[in-house]
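Enquirer: Sharing target-v4.tsv (TSV, C-alpha atoms (C1' of nucleotides)) below.
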chain	number	residue	atom	x	y	z
A	16	MET	CA	0.84	81.78	127.99
A	17	GLN	CA	-1.48	81.54	125.06
A	18	ILE	CA	-0.53	81.91	121.44
A	19	ALA	CA	-2.30	84.88	119.98
A	20	PHE	CA	-1.78	84.25	116.30
A	21	ILE	CA	-2.13	81.58	113.72
A	22	VAL	CA	1.35	81.11	112.34
A	23	PRO	CA	1.24	78.60	109.52
A	24	GLU	CA	4.52	76.76	109.07
A	25	LEU	CA	5.15	73.44	107.38
A	26	PRO	CA	2.88	71.26	109.57
A	27	GLU	CA	-0.02	73.71	109.45
A	28	VAL	CA	0.27	74.12	105.68
A	29	GLU	CA	0.46	70.34	105.26
A	30	HIS	CA	-2.71	70.06	107.30
A	31	ALA	CA	-4.29	72.71	105.09
A	32	ARG	CA	-3.18	70.75	102.02
A	33	ARG	CA	-4.75	67.51	103.23
A	34	THR	CA	-7.98	69.28	104.08
A	35	LEU	CA	-8.15	71.30	100.86
A	36	SER	CA	-7.46	68.11	98.98
A	37	ARG	CA	-10.55	66.50	100.49
A	38	TRP	CA	-12.63	69.57	99.78
A	39	LEU	CA	-11.52	70.39	96.25
A	40	GLU	CA	-9.69	67.57	94.49
A	41	GLY	CA	-11.74	66.55	91.51
A	42	ALA	CA	-14.20	69.39	92.06
A	43	ARG	CA	-15.33	71.87	89.44
A	44	ILE	CA	-15.03	75.56	90.34
A	45	ASP	CA	-18.42	77.22	89.81
A	46	ALA	CA	-17.84	80.73	91.10
A	47	VAL	CA	-14.99	82.79	92.51
A	48	THR	CA	-15.14	86.06	94.43
A	49	VAL	CA	-12.17	88.20	95.40
A	50	GLN	CA	-13.30	90.49	98.21
A	51	ASP	CA	-9.96	92.22	98.71
A	52	ALA	CA	-7.64	92.68	95.75
A	53	ARG	CA	-4.69	93.35	98.08
A	54	ILE	CA	-4.31	89.60	98.47
A	55	LEU	CA	-3.37	89.44	94.77
A	56	ASP	CA	-0.03	90.50	93.37
A	57	HIS	CA	0.23	94.18	92.51
A	58	GLY	CA	-1.60	94.99	89.29
A	59	VAL	CA	-3.57	91.73	89.11
A	60	THR	CA	-7.30	92.37	88.94
A	61	PRO	CA	-9.97	90.24	90.62
A	62	ALA	CA	-11.69	89.89	87.24
A	63	ARG	CA	-8.63	88.23	85.77
A	64	VAL	CA	-8.46	85.74	88.64
A	65	VAL	CA	-12.16	84.97	88.37
A	66	ARG	CA	-11.86	84.40	84.62
A	67	ALA	CA	-8.89	82.08	85.06
A	68	LEU	CA	-10.59	79.91	87.68
A	69	GLU	CA	-14.27	79.63	86.90
A	70	GLY	CA	-15.13	76.42	85.10
A	71	ARG	CA	-11.78	74.79	85.92
A	72	ARG	CA	-11.42	71.45	87.66
A	73	VAL	CA	-8.97	70.99	90.54
A	74	THR	CA	-6.80	67.96	89.79
A	75	ALA	CA	-4.42	68.01	92.77
A	76	VAL	CA	-3.52	69.97	95.88
A	77	GLU	CA	0.22	70.01	96.49
A	78	ARG	CA	2.60	71.60	98.97
A	79	ARG	CA	6.24	72.57	99.09
A	80	GLY	CA	7.45	74.35	102.21
A	81	LYS	CA	4.80	76.86	103.19
A	82	TRP	CA	3.39	77.09	99.66
A	83	LEU	CA	0.25	75.39	98.43
A	84	ARG	CA	-0.22	74.69	94.73
A	85	LEU	CA	-3.58	73.77	93.29
A	86	ALA	CA	-3.17	72.05	89.97
A	87	LEU	CA	-6.09	72.71	87.61
A	88	ASP	CA	-7.11	71.04	84.37
A	89	SER	CA	-5.65	74.23	82.88
A	90	GLY	CA	-3.24	76.34	84.91
A	91	ARG	CA	-2.32	76.41	88.58
A	92	VAL	CA	-2.99	78.44	91.70
A	93	PHE	CA	-0.37	79.25	94.33
A	94	SER	CA	-1.53	80.07	97.84
A	95	HIS	CA	0.74	81.26	100.62
A	96	LEU	CA	-0.89	81.70	104.02
A	97	GLY	CA	1.53	84.36	105.23
A	98	MET	CA	1.13	84.70	108.96
A	99	THR	CA	-2.61	84.67	109.39
A	100	GLY	CA	-4.02	82.95	106.32
A	101	LYS	CA	-6.49	80.10	106.59
A	102	TRP	CA	-8.84	78.16	104.32
A	103	VAL	CA	-12.22	77.25	105.73
A	104	ARG	CA	-15.26	75.46	104.35
A	105	THR	CA	-18.84	76.69	104.66
A	106	GLU	CA	-22.19	76.02	103.09
A	107	VAL	CA	-22.65	77.60	99.66
A	108	GLY	CA	-24.41	80.92	100.17
A	109	ALA	CA	-23.40	81.22	103.82
A	110	GLU	CA	-22.81	84.81	104.84
A	111	GLU	CA	-19.36	86.29	104.52
A	112	THR	CA	-16.92	84.96	107.07
A	113	ARG	CA	-14.91	87.48	109.12
A	114	PHE	CA	-11.64	88.40	107.35
A	115	GLU	CA	-12.78	86.64	104.17
A	116	LYS	CA	-10.67	87.67	101.15
A	117	ILE	CA	-11.45	85.03	98.53
A	118	ARG	CA	-14.39	82.70	98.02
A	119	VAL	CA	-14.41	79.59	95.85
A	120	ASP	CA	-17.70	77.79	95.30
A	121	ALA	CA	-17.31	74.35	93.77
A	122	THR	CA	-19.14	71.16	92.89
A	123	ALA	CA	-17.47	67.89	93.88
A	124	ARG	CA	-17.49	64.70	91.80
A	125	ASP	CA	-20.38	63.41	93.92
A	126	LYS	CA	-22.33	66.57	92.91
A	127	THR	CA	-22.30	68.04	96.41
A	128	ARG	CA	-21.58	71.74	96.46
A	129	ARG	CA	-19.24	73.49	98.85
A	130	SER	CA	-17.89	76.94	99.51
A	131	VAL	CA	-14.22	77.23	100.38
A	132	ARG	CA	-13.03	80.56	101.72
A	133	TYR	CA	-9.67	82.15	102.29
A	134	LEU	CA	-9.43	84.25	105.44
A	135	ASP	CA	-6.46	86.50	106.18
A	136	PRO	CA	-6.76	89.44	108.57
A	137	ARG	CA	-3.13	90.49	108.17
A	138	LEU	CA	-2.99	90.12	104.39
A	139	PHE	CA	0.54	88.72	104.48
A	140	GLY	CA	-0.59	85.84	102.32
A	141	ARG	CA	-0.49	85.62	98.54
A	142	PHE	CA	-2.85	84.18	95.98
A	143	VAL	CA	-1.37	83.82	92.52
A	144	VAL	CA	-2.90	82.32	89.38
A	145	VAL	CA	-0.52	80.99	86.74
A	146	LYS	CA	-1.89	80.13	83.33
A	147	GLU	CA	-1.25	76.91	81.47
A	148	GLY	CA	2.21	77.02	79.91
A	149	GLU	CA	3.52	79.74	82.22
A	150	ALA	CA	6.38	79.03	84.60
A	151	ASP	CA	5.81	78.30	88.27
A	152	LEU	CA	6.33	81.07	90.77
A	153	LYS	CA	9.93	82.09	91.38
A	154	ALA	CA	9.41	81.70	95.13
A	155	TRP	CA	8.23	78.11	94.56
A	156	ASN	CA	11.12	77.24	92.27
A	157	GLU	CA	13.72	78.59	94.66
A	158	LEU	CA	12.58	76.48	97.60
A	159	GLY	CA	15.10	74.09	99.11
A	160	PRO	CA	14.29	70.44	99.88
A	161	ASP	CA	11.02	69.92	101.72
A	162	PRO	CA	11.53	67.82	104.88
A	163	LEU	CA	8.36	65.80	104.22
A	164	VAL	CA	8.18	65.72	100.43
A	165	ASP	CA	11.89	65.17	99.81
A	166	GLY	CA	13.23	64.21	103.21
A	167	ILE	CA	16.39	65.72	104.67
A	168	ASP	CA	19.72	64.65	103.19
A	169	VAL	CA	22.05	65.18	106.15
A	170	SER	CA	25.23	65.27	104.06
A	171	ALA	CA	23.78	67.78	101.65
A	172	LEU	CA	22.48	69.94	104.48
A	173	HIS	CA	25.83	69.76	106.26
A	174	ALA	CA	27.59	70.87	103.08
A	175	LYS	CA	25.15	73.73	102.59
A	176	LEU	CA	25.49	74.93	106.18
A	177	ALA	CA	29.28	74.78	105.91
A	178	LYS	CA	29.13	77.77	103.54
A	179	ARG	CA	27.18	79.99	105.91
A	180	ARG	CA	28.62	82.06	108.71
A	181	LEU	CA	25.23	83.31	109.88
A	182	ALA	CA	23.86	81.81	113.10
A	183	ILE	CA	22.05	78.50	112.57
A	184	LYS	CA	18.64	79.83	113.68
A	185	PRO	CA	18.29	82.60	111.05
A	186	THR	CA	19.89	80.28	108.47
A	187	LEU	CA	17.11	77.75	109.03
A	188	LEU	CA	14.54	80.44	108.22
A	189	ASP	CA	16.02	80.74	104.71
A	190	GLN	CA	13.53	78.82	102.58
A	191	GLY	CA	16.30	77.89	100.16
A	192	VAL	CA	18.04	75.85	102.88
A	193	LEU	CA	15.04	73.76	103.86
A	194	ALA	CA	11.53	74.61	102.71
A	195	GLY	CA	8.88	75.19	105.34
A	196	VAL	CA	10.94	75.81	108.47
A	197	GLY	CA	9.63	78.90	110.24
A	198	ASN	CA	10.43	80.62	113.49
A	199	ILE	CA	8.53	78.19	115.68
A	200	LEU	CA	9.84	75.05	113.98
A	201	ALA	CA	13.43	76.32	114.08
A	202	THR	CA	13.12	77.16	117.78
A	203	GLU	CA	11.67	73.76	118.66
A	204	ALA	CA	14.03	71.73	116.47
A	205	LEU	CA	17.15	73.39	117.88
A	206	PHE	CA	15.95	72.60	121.39
A	207	TYR	CA	15.32	68.95	120.50
A	208	ALA	CA	18.79	68.81	118.93
A	209	ARG	CA	20.29	70.58	121.98
A	210	ILE	CA	22.06	73.05	119.69
A	211	ASP	CA	22.52	76.70	120.61
A	212	PRO	CA	20.66	78.84	118.01
A	213	ARG	CA	23.51	81.37	118.06
A	214	ARG	CA	26.09	78.88	116.79
A	215	PRO	CA	27.50	79.78	113.37
A	216	SER	CA	25.98	77.40	110.82
A	217	ARG	CA	29.37	76.42	109.43
A	218	ASP	CA	30.53	75.22	112.86
A	219	LEU	CA	27.94	72.45	113.12
A	220	SER	CA	29.45	68.99	112.82
A	221	ARG	CA	27.95	66.34	110.61
A	222	VAL	CA	26.68	64.56	113.76
A	223	GLU	CA	25.01	67.77	114.94
A	224	VAL	CA	23.36	68.28	111.55
A	225	GLY	CA	22.00	64.76	111.92
A	226	LYS	CA	20.55	65.66	115.32
A	227	LEU	CA	19.12	68.86	113.87
A	228	SER	CA	17.54	66.92	111.01
A	229	ARG	CA	15.86	64.56	113.47
A	230	GLY	CA	14.80	67.53	115.61
A	231	ILE	CA	13.09	69.17	112.64
A	232	ARG	CA	11.29	65.95	111.78
A	233	ARG	CA	10.26	65.47	115.40
A	234	ALA	CA	8.85	68.99	115.64
A	235	ILE	CA	6.92	68.54	112.38
A	236	ASP	CA	5.50	65.15	113.37
A	237	ARG	CA	4.57	66.38	116.81
A	238	THR	CA	2.51	69.26	115.43
A	239	LEU	CA	1.01	67.20	112.60
A	240	ALA	CA	-0.19	64.63	115.13
A	241	LYS	CA	-2.28	67.35	116.78
A	242	GLU	CA	-3.76	68.56	113.51
A	243	THR	CA	-6.78	66.36	113.16
A	244	GLY	CA	-10.38	66.79	112.20
A	245	GLU	CA	-12.32	67.88	109.17
A	246	THR	CA	-11.90	71.60	109.71
A	247	ILE	CA	-8.57	73.38	109.61
A	248	GLN	CA	-8.00	74.02	113.29
A	249	TYR	CA	-4.41	75.07	113.76
A	250	VAL	CA	-2.82	74.02	117.01
A	251	GLU	CA	-1.93	77.62	117.79
A	252	GLU	CA	-5.43	78.96	117.30
A	253	PRO	CA	-6.01	82.18	119.30
A	254	GLY	CA	-7.10	81.37	122.80
A	255	ALA	CA	-5.84	77.79	122.66
A	256	PRO	CA	-3.17	76.76	125.15
A	257	ASN	CA	0.40	76.87	123.87
A	258	PRO	CA	1.07	73.43	122.34
A	259	PHE	CA	4.82	73.89	121.85
A	260	THR	CA	7.72	72.56	123.86
A	261	ILE	CA	9.68	75.79	124.39
A	262	TYR	CA	8.31	78.34	121.89
A	263	GLY	CA	6.34	80.93	123.85
A	264	HIS	CA	7.50	79.40	127.13
A	265	GLU	CA	10.22	81.92	127.97
A	266	GLY	CA	10.70	82.35	131.70
A	267	GLU	CA	9.18	78.96	132.38
A	268	PRO	CA	11.26	75.94	133.49
A	269	CYS	CA	13.21	74.12	130.79
A	270	PRO	CA	11.47	70.76	130.18
A	271	SER	CA	14.88	69.12	130.43
A	272	CYS	CA	16.79	70.84	133.25
A	273	SER	CA	14.07	72.97	134.89
A	274	ARG	CA	16.09	76.16	134.77
A	275	PRO	CA	14.28	79.17	133.24
A	276	LEU	CA	14.11	79.36	129.46
A	277	ALA	CA	15.65	82.51	127.96
A	278	LYS	CA	14.41	84.70	125.12
A	279	MET	CA	16.57	86.70	122.76
A	280	PHE	CA	16.42	88.14	119.27
A	281	LEU	CA	18.38	86.58	116.41
A	282	GLY	CA	18.10	88.07	112.96
A	283	GLY	CA	15.24	90.18	114.26
A	284	ARG	CA	13.18	87.15	115.30
A	285	GLY	CA	12.25	86.13	118.80
A	286	THR	CA	14.12	83.02	119.88
A	287	VAL	CA	13.54	80.93	122.97
A	288	LEU	CA	16.29	78.65	124.20
A	289	CYS	CA	17.74	76.91	127.22
A	290	VAL	CA	21.24	78.33	127.62
A	291	HIS	CA	22.20	75.30	129.72
A	292	CYS	CA	20.91	72.46	127.56
A	293	GLN	CA	21.61	73.95	124.11
A	294	ARG	CA	25.31	74.06	123.26
B	5	DA	C1'	27.59	88.35	98.15
B	6	DA	C1'	26.12	88.37	102.54
B	7	DC	C1'	23.79	90.30	105.91
B	8	DG	C1'	20.88	93.52	108.89
B	9	DG	C1'	16.94	95.96	109.18
B	10	DA	C1'	12.69	98.08	107.70
B	11	DA	C1'	8.30	97.66	105.55
B	12	DC	C1'	4.13	95.39	104.72
B	13	DC	C1'	-0.46	94.61	107.79
B	14	DT	C1'	-3.83	94.52	111.69
B	15	DG	C1'	-5.89	92.00	115.80
B	16	DA	C1'	-4.98	91.08	120.39
B	17	DA	C1'	-2.70	91.92	124.52
B	18	DA	C1'	-0.39	94.82	127.51
B	19	DG	C1'	0.39	99.29	129.35
B	20	DC	C1'	-1.34	103.53	131.09
C	30	DT	C1'	-13.26	102.30	131.16
C	31	DG	C1'	-11.00	103.49	127.17
C	32	DC	C1'	-7.22	105.07	124.69
C	33	DT	C1'	-2.33	104.13	123.20
C	34	DT	C1'	1.48	101.30	122.50
C	35	DT	C1'	3.59	97.08	121.65
C	36	DC	C1'	4.02	92.67	119.68
C	37	DA	C1'	3.67	88.76	116.50
C	38	DG	C1'	6.40	87.00	112.12
C	39	DG	C1'	6.81	85.24	106.33
C	40	DT	C1'	8.50	87.48	102.77
C	41	DT	C1'	10.44	91.19	100.00
C	42	DC	C1'	13.14	94.96	99.33
C	43	DC	C1'	16.70	98.19	100.19
C	44	DG	C1'	20.98	99.90	101.94
C	45	DT	C1'	25.57	98.81	103.58
Written as structure tokens, that's how I'd like the structure from this file.
Expert:
Amino acid sequence: MQIAFIVPELPEVEHARRTLSRWLEGARIDAVTVQDARILDHGVTPARVVRALEGRRVTAVERRGKWLRLALDSGRVFSHLGMTGKWVRTEVGAEETRFEKIRVDATARDKTRRSVRYLDPRLFGRFVVVKEGEADLKAWNELGPDPLVDGIDVSALHAKLAKRRLAIKPTLLDQGVLAGVGNILATEALFYARIDPRRPSRDLSRVEVGKLSRGIRRAIDRTLAKETGETIQYVEEPGAPNPFTIYGHEGEPCPSCSRPLAKMFLGGRGTVLCVHCQR
DNA sequence: AACGGAACCTGAAAGC
DNA sequence: TGCTTTCAGGTTCCGT
């Protein structure tokens, strides 16, 4: 089957970070347009966002979990891609891209100009400007360790999971446990670790948490390796073949034992698993 | 406190 | 063919 939606999780957001970094780091923001105020937090006006950004220089593009943070010479911008958010680059003055919600025109250090645009048909993303001196977003501050930025401390993760009776799959979706793990990553990692997603988190042994940790890293690296090129082309772009190992492959043979992969719902989220290989 | 479930949102796919 | 329904899921909020 094909994957119908862009679903940005840690690897996709990391790819977006690297690309945005090339496009905007060191650049001066000339003009900002907010086409749809619904992408902003309730009560925040486009005018306020425009005022906060125009004339600023982007000093760094950072990521924790699924959040992007653009550090400015004064203030910061937080961007969450939700389920269908994406940053693209066009020529300055190019006509409005489909689903465009925000436009940032900037001049790089080498004086070349570029237009960077945020697209988000579903509007599940967020775009938040924080002024100099104000605290970071609560959602950012409450993130758990990031598997790439911080690495995974197996003992610490084991201790954290020991307090949870919820099944391991929905627990992994809690951004306070590990930042950036989404439904696809959790599904893939549990398969690599051969752990049944329905197992209570607190029942996982230290050895199993180690396997899970390596499974998460493997799933991240595998997707990141496919994210190449100058444009942000997510591996699960609509119409592209399914790049994942078991996600979206329900009913098809398990890559390990060849028996059909099952699909069930855990914590309201679709979960694919091999009931024979994952224990 | 922990947990389940609904709401948010809309394009694409599937069903009819 | 074209209309209707279903599905996808990150996060937040609300009720139990």
Enquirer: So, with all atoms listed in the file as the atoms that count, which of A:Ala174, A:Val28, A:Leu96, A:Ile167 lies closest to chain C?
Expert: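 Closest to chain C of all the choices is A:Leu96.
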Enquirer: What residues in chain A lie within 8 Å of chain B, counting all atoms listed in the file, written as a VMD selection string?
Expert: chain A and resid 19 136 to 139 282 to 283
Enquirer: Any chance you could work out the axis-aligned box around range 6-18 of chain B, listed atoms only, 4 Å on each side, giving centre and edge lengths in Å to one decimal, as lines of an AutoDock Vina configuration file?
Expert:
center_x = 10.1
center_y = 93.2
center_z = 115.0
size_x = 40.0
size_y = 17.7
size_z = 33.0
Enquirer: Just need the residues of chain A within 12 Å of chain C, counting all atoms listed in the file, so spit them out as a short mmCIF file (atom, residue, chain, number, x, y, z; two decimals) with C-alpha atoms, in the coordinates of the input.
Expert:
data_model
loop_
_atom_site.label_atom_id
_atom_site.label_comp_id
_atom_site.auth_asym_id
_atom_site.auth_seq_id
_atom_site.Cartn_x
_atom_site.Cartn_y
_atom_site.Cartn_z
CA ILE A 18 -0.53 81.91 121.44
CA ALA A 19 -2.30 84.88 119.98
CA PHE A 20 -1.78 84.25 116.30
CA ILE A 21 -2.13 81.58 113.72
CA VAL A 22 1.35 81.11 112.34
CA PRO A 23 1.24 78.60 109.52
CA GLU A 24 4.52 76.76 109.07
CA LEU A 25 5.15 73.44 107.38
CA GLY A 80 7.45 74.35 102.21
CA LYS A 81 4.80 76.86 103.19
CA TRP A 82 3.39 77.09 99.66
CA HIS A 95 0.74 81.26 100.62
CA LEU A 96 -0.89 81.70 104.02
CA GLY A 97 1.53 84.36 105.23
CA MET A 98 1.13 84.70 108.96
CA THR A 99 -2.61 84.67 109.39
CA GLY A 100 -4.02 82.95 106.32
CA ARG A 137 -3.13 90.49 108.17
CA LEU A 138 -2.99 90.12 104.39
CA PHE A 139 0.54 88.72 104.48
CA GLY A 140 -0.59 85.84 102.32
CA ARG A 141 -0.49 85.62 98.54
CA ALA A 154 9.41 81.70 95.13
CA LEU A 188 14.54 80.44 108.22
CA ASP A 189 16.02 80.74 104.71
CA GLN A 190 13.53 78.82 102.58
CA GLY A 195 8.88 75.19 105.34
CA VAL A 196 10.94 75.81 108.47
CA GLY A 197 9.63 78.90 110.24
CA ASN A 198 10.43 80.62 113.49
CA ILE A 199 8.53 78.19 115.68
CA GLY A 263 6.34 80.93 123.85
CA GLY A 282 18.10 88.07 112.96
CA GLY A 283 15.24 90.18 114.26
CA ARG A 284 13.18 87.15 115.30
CA GLY A 285 12.25 86.13 118.80
CA THR A 286 14.12 83.02 119.88
#
Enquirer: Using only C-alpha atoms (C1' of nucleotides), which protein or nucleic acid residues come within 8 Å of Val65 in chain A? Drop anything in the same chain fewer than 4 positions from it, and give the result as a compact mmCIF listing (two decimals) with C-alpha atoms, in the frame of the given file.
Expert:
# COMPACT_ATOMS: atom_id res chain seq x y z
CA ALA A 46 -17.84 80.73 91.10
CA VAL A 47 -14.99 82.79 92.51
CA THR A 48 -15.14 86.06 94.43
CA VAL A 49 -12.17 88.20 95.40
CA PRO A 61 -9.97 90.24 90.62
CA GLU A 69 -14.27 79.63 86.90
Enquirer: Suppose you want the space between CA of Val144 in chain A and CA of His30 in chain A; what is it in Å?
Expert: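 Separation between CA of Val144 in chain A and CA of His30 in chain A: 21.7 Å.
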Enquirer: Please, what distance in Å, to one decimal, runs between CA of Arg179 in chain A and CA of Arg217 in chain A?
Expert: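 Between these atoms lies a distance of 5.5 Å.
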Enquirer: Please report the interatomic distance between CA of Arg124 in chain A and CA of Ala42 in chain A in Å with one decimal.
Expert: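 About the pair CA of Arg124 in chain A and CA of Ala42 in chain A: they are 5.7 Å apart.
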Enquirer: Set the distance at 9 Å and use only C-alpha atoms (C1' of nucleotides): which residues neighbour Pro212 in chain A once local chain neighbours fewer than 6 positions away are removed? I'd like the list as number ranges by chain.
Expert: A: 182-185, 201-202, 205-206, 281, 286-288, 293-294
Enquirer: Which of these, A:Ser170, A:Asn257, A:Thr127, A:Ser36, has the shortest distance to Val76 in chain A once you count all atoms listed in the file?
Expert: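 Using all atoms listed in the file, Val76 in chain A sits closest to A:Ser36.
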Enquirer: Assuming the input is short of atoms at range 132-141 of chain A, produce all heavy atoms for that part as a PDB file, in the coordinates of the input.
Expert:
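The new file selection_36.pdb reads:
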ATOM      1  N   ARG A 132     -13.338  79.133 101.572  1.00  0.00           N
ATOM      2  CA  ARG A 132     -13.030  80.560 101.720  1.00  0.00           C
ATOM      3  C   ARG A 132     -11.664  80.791 102.334  1.00  0.00           C
ATOM      4  O   ARG A 132     -11.272  80.106 103.271  1.00  0.00           O
ATOM      5  CB  ARG A 132     -14.128  81.219 102.566  1.00  0.00           C
ATOM      6  CG  ARG A 132     -15.489  80.985 101.898  1.00  0.00           C
ATOM      7  CD  ARG A 132     -16.641  81.452 102.740  1.00  0.00           C
ATOM      8  NE  ARG A 132     -17.896  81.181 102.017  1.00  0.00           N
ATOM      9  CZ  ARG A 132     -19.037  81.768 102.299  1.00  0.00           C
ATOM     10  NH1 ARG A 132     -19.113  82.648 103.277  1.00  0.00           N
ATOM     11  NH2 ARG A 132     -20.110  81.468 101.604  1.00  0.00           N
ATOM     12  N   TYR A 133     -10.993  81.796 101.779  1.00  0.00           N
ATOM     13  CA  TYR A 133      -9.670  82.150 102.290  1.00  0.00           C
ATOM     14  C   TYR A 133      -9.801  83.365 103.202  1.00  0.00           C
ATOM     15  O   TYR A 133     -10.263  84.412 102.792  1.00  0.00           O
ATOM     16  CB  TYR A 133      -8.705  82.453 101.137  1.00  0.00           C
ATOM     17  CG  TYR A 133      -7.338  82.854 101.630  1.00  0.00           C
ATOM     18  CD1 TYR A 133      -6.520  81.912 102.249  1.00  0.00           C
ATOM     19  CD2 TYR A 133      -6.883  84.152 101.521  1.00  0.00           C
ATOM     20  CE1 TYR A 133      -5.275  82.266 102.739  1.00  0.00           C
ATOM     21  CE2 TYR A 133      -5.634  84.519 102.009  1.00  0.00           C
ATOM     22  CZ  TYR A 133      -4.841  83.566 102.616  1.00  0.00           C
ATOM     23  OH  TYR A 133      -3.616  83.919 103.109  1.00  0.00           O
ATOM     24  N   LEU A 134      -9.381  83.182 104.442  1.00  0.00           N
ATOM     25  CA  LEU A 134      -9.430  84.250 105.440  1.00  0.00           C
ATOM     26  C   LEU A 134      -8.008  84.709 105.744  1.00  0.00           C
ATOM     27  O   LEU A 134      -7.102  83.887 105.846  1.00  0.00           O
ATOM     28  CB  LEU A 134     -10.067  83.758 106.743  1.00  0.00           C
ATOM     29  CG  LEU A 134     -11.222  82.765 106.647  1.00  0.00           C
ATOM     30  CD1 LEU A 134     -11.712  82.400 108.046  1.00  0.00           C
ATOM     31  CD2 LEU A 134     -12.355  83.348 105.819  1.00  0.00           C
ATOM     32  N   ASP A 135      -7.812  86.009 105.890  1.00  0.00           N
ATOM     33  CA  ASP A 135      -6.460  86.500 106.180  1.00  0.00           C
ATOM     34  C   ASP A 135      -6.503  87.923 106.703  1.00  0.00           C
ATOM     35  O   ASP A 135      -6.383  88.877 105.941  1.00  0.00           O
ATOM     36  CB  ASP A 135      -5.596  86.407 104.915  1.00  0.00           C
ATOM     37  CG  ASP A 135      -4.114  86.607 105.228  1.00  0.00           C
ATOM     38  OD1 ASP A 135      -3.777  86.938 106.375  1.00  0.00           O
ATOM     39  OD2 ASP A 135      -3.301  86.408 104.299  1.00  0.00           O
ATOM     40  N   PRO A 136      -6.658  88.090 108.019  1.00  0.00           N
ATOM     41  CA  PRO A 136      -6.760  89.440 108.570  1.00  0.00           C
ATOM     42  C   PRO A 136      -5.524  90.299 108.273  1.00  0.00           C
ATOM     43  O   PRO A 136      -5.654  91.488 108.006  1.00  0.00           O
ATOM     44  CB  PRO A 136      -6.915  89.209 110.076  1.00  0.00           C
ATOM     45  CG  PRO A 136      -6.616  87.768 110.312  1.00  0.00           C
ATOM     46  CD  PRO A 136      -6.853  87.053 109.023  1.00  0.00           C
ATOM     47  N   ARG A 137      -4.343  89.705 108.319  1.00  0.00           N
ATOM     48  CA  ARG A 137      -3.130  90.490 108.170  1.00  0.00           C
ATOM     49  C   ARG A 137      -2.710  90.710 106.721  1.00  0.00           C
ATOM     50  O   ARG A 137      -1.829  91.519 106.447  1.00  0.00           O
ATOM     51  CB  ARG A 137      -1.980  89.806 108.927  1.00  0.00           C
ATOM     52  CG  ARG A 137      -2.161  89.785 110.425  1.00  0.00           C
ATOM     53  CD  ARG A 137      -1.866  91.133 111.015  1.00  0.00           C
ATOM     54  NE  ARG A 137      -0.482  91.478 110.849  1.00  0.00           N
ATOM     55  CZ  ARG A 137       0.507  91.039 111.594  1.00  0.00           C
ATOM     56  NH1 ARG A 137       0.266  90.206 112.585  1.00  0.00           N
ATOM     57  NH2 ARG A 137       1.723  91.422 111.384  1.00  0.00           N
ATOM     58  N   LEU A 138      -3.301  89.958 105.817  1.00  0.00           N
ATOM     59  CA  LEU A 138      -2.990  90.120 104.390  1.00  0.00           C
ATOM     60  C   LEU A 138      -1.519  89.902 104.053  1.00  0.00           C
ATOM     61  O   LEU A 138      -0.994  90.503 103.125  1.00  0.00           O
ATOM     62  CB  LEU A 138      -3.419  91.513 103.904  1.00  0.00           C
ATOM     63  CG  LEU A 138      -4.905  91.702 103.641  1.00  0.00           C
ATOM     64  CD1 LEU A 138      -5.239  93.180 103.525  1.00  0.00           C
ATOM     65  CD2 LEU A 138      -5.311  90.966 102.364  1.00  0.00           C
ATOM     66  N   PHE A 139      -0.841  89.063 104.811  1.00  0.00           N
ATOM     67  CA  PHE A 139       0.540  88.720 104.480  1.00  0.00           C
ATOM     68  C   PHE A 139       0.590  87.560 103.492  1.00  0.00           C
ATOM     69  O   PHE A 139       1.651  87.217 103.000  1.00  0.00           O
ATOM     70  CB  PHE A 139       1.319  88.343 105.743  1.00  0.00           C
ATOM     71  CG  PHE A 139       1.938  89.511 106.435  1.00  0.00           C
ATOM     72  CD1 PHE A 139       1.361  90.762 106.341  1.00  0.00           C
ATOM     73  CD2 PHE A 139       3.087  89.364 107.175  1.00  0.00           C
ATOM     74  CE1 PHE A 139       1.923  91.855 106.984  1.00  0.00           C
ATOM     75  CE2 PHE A 139       3.667  90.449 107.817  1.00  0.00           C
ATOM     76  CZ  PHE A 139       3.084  91.691 107.722  1.00  0.00           C
ATOM     77  N   GLY A 140      -0.537  86.971 103.247  1.00  0.00           N
ATOM     78  CA  GLY A 140      -0.590  85.840 102.320  1.00  0.00           C
ATOM     79  C   GLY A 140      -0.541  86.296 100.872  1.00  0.00           C
ATOM     80  O   GLY A 140      -0.563  87.495 100.572  1.00  0.00           O
ATOM     81  N   ARG A 141      -0.434  85.326  99.976  1.00  0.00           N
ATOM     82  CA  ARG A 141      -0.490  85.620  98.540  1.00  0.00           C
ATOM     83  C   ARG A 141      -1.373  84.602  97.859  1.00  0.00           C
ATOM     84  O   ARG A 141      -1.489  83.461  98.300  1.00  0.00           O
ATOM     85  CB  ARG A 141       0.917  85.546  97.917  1.00  0.00           C
ATOM     86  CG  ARG A 141       1.798  86.725  98.235  1.00  0.00           C
ATOM     87  CD  ARG A 141       3.180  86.521  97.629  1.00  0.00           C
ATOM     88  NE  ARG A 141       3.175  86.616  96.167  1.00  0.00           N
ATOM     89  CZ  ARG A 141       4.236  86.295  95.417  1.00  0.00           C
ATOM     90  NH1 ARG A 141       5.350  85.866  95.969  1.00  0.00           N
ATOM     91  NH2 ARG A 141       4.169  86.415  94.099  1.00  0.00           N
TER      92      ARG A 141
END
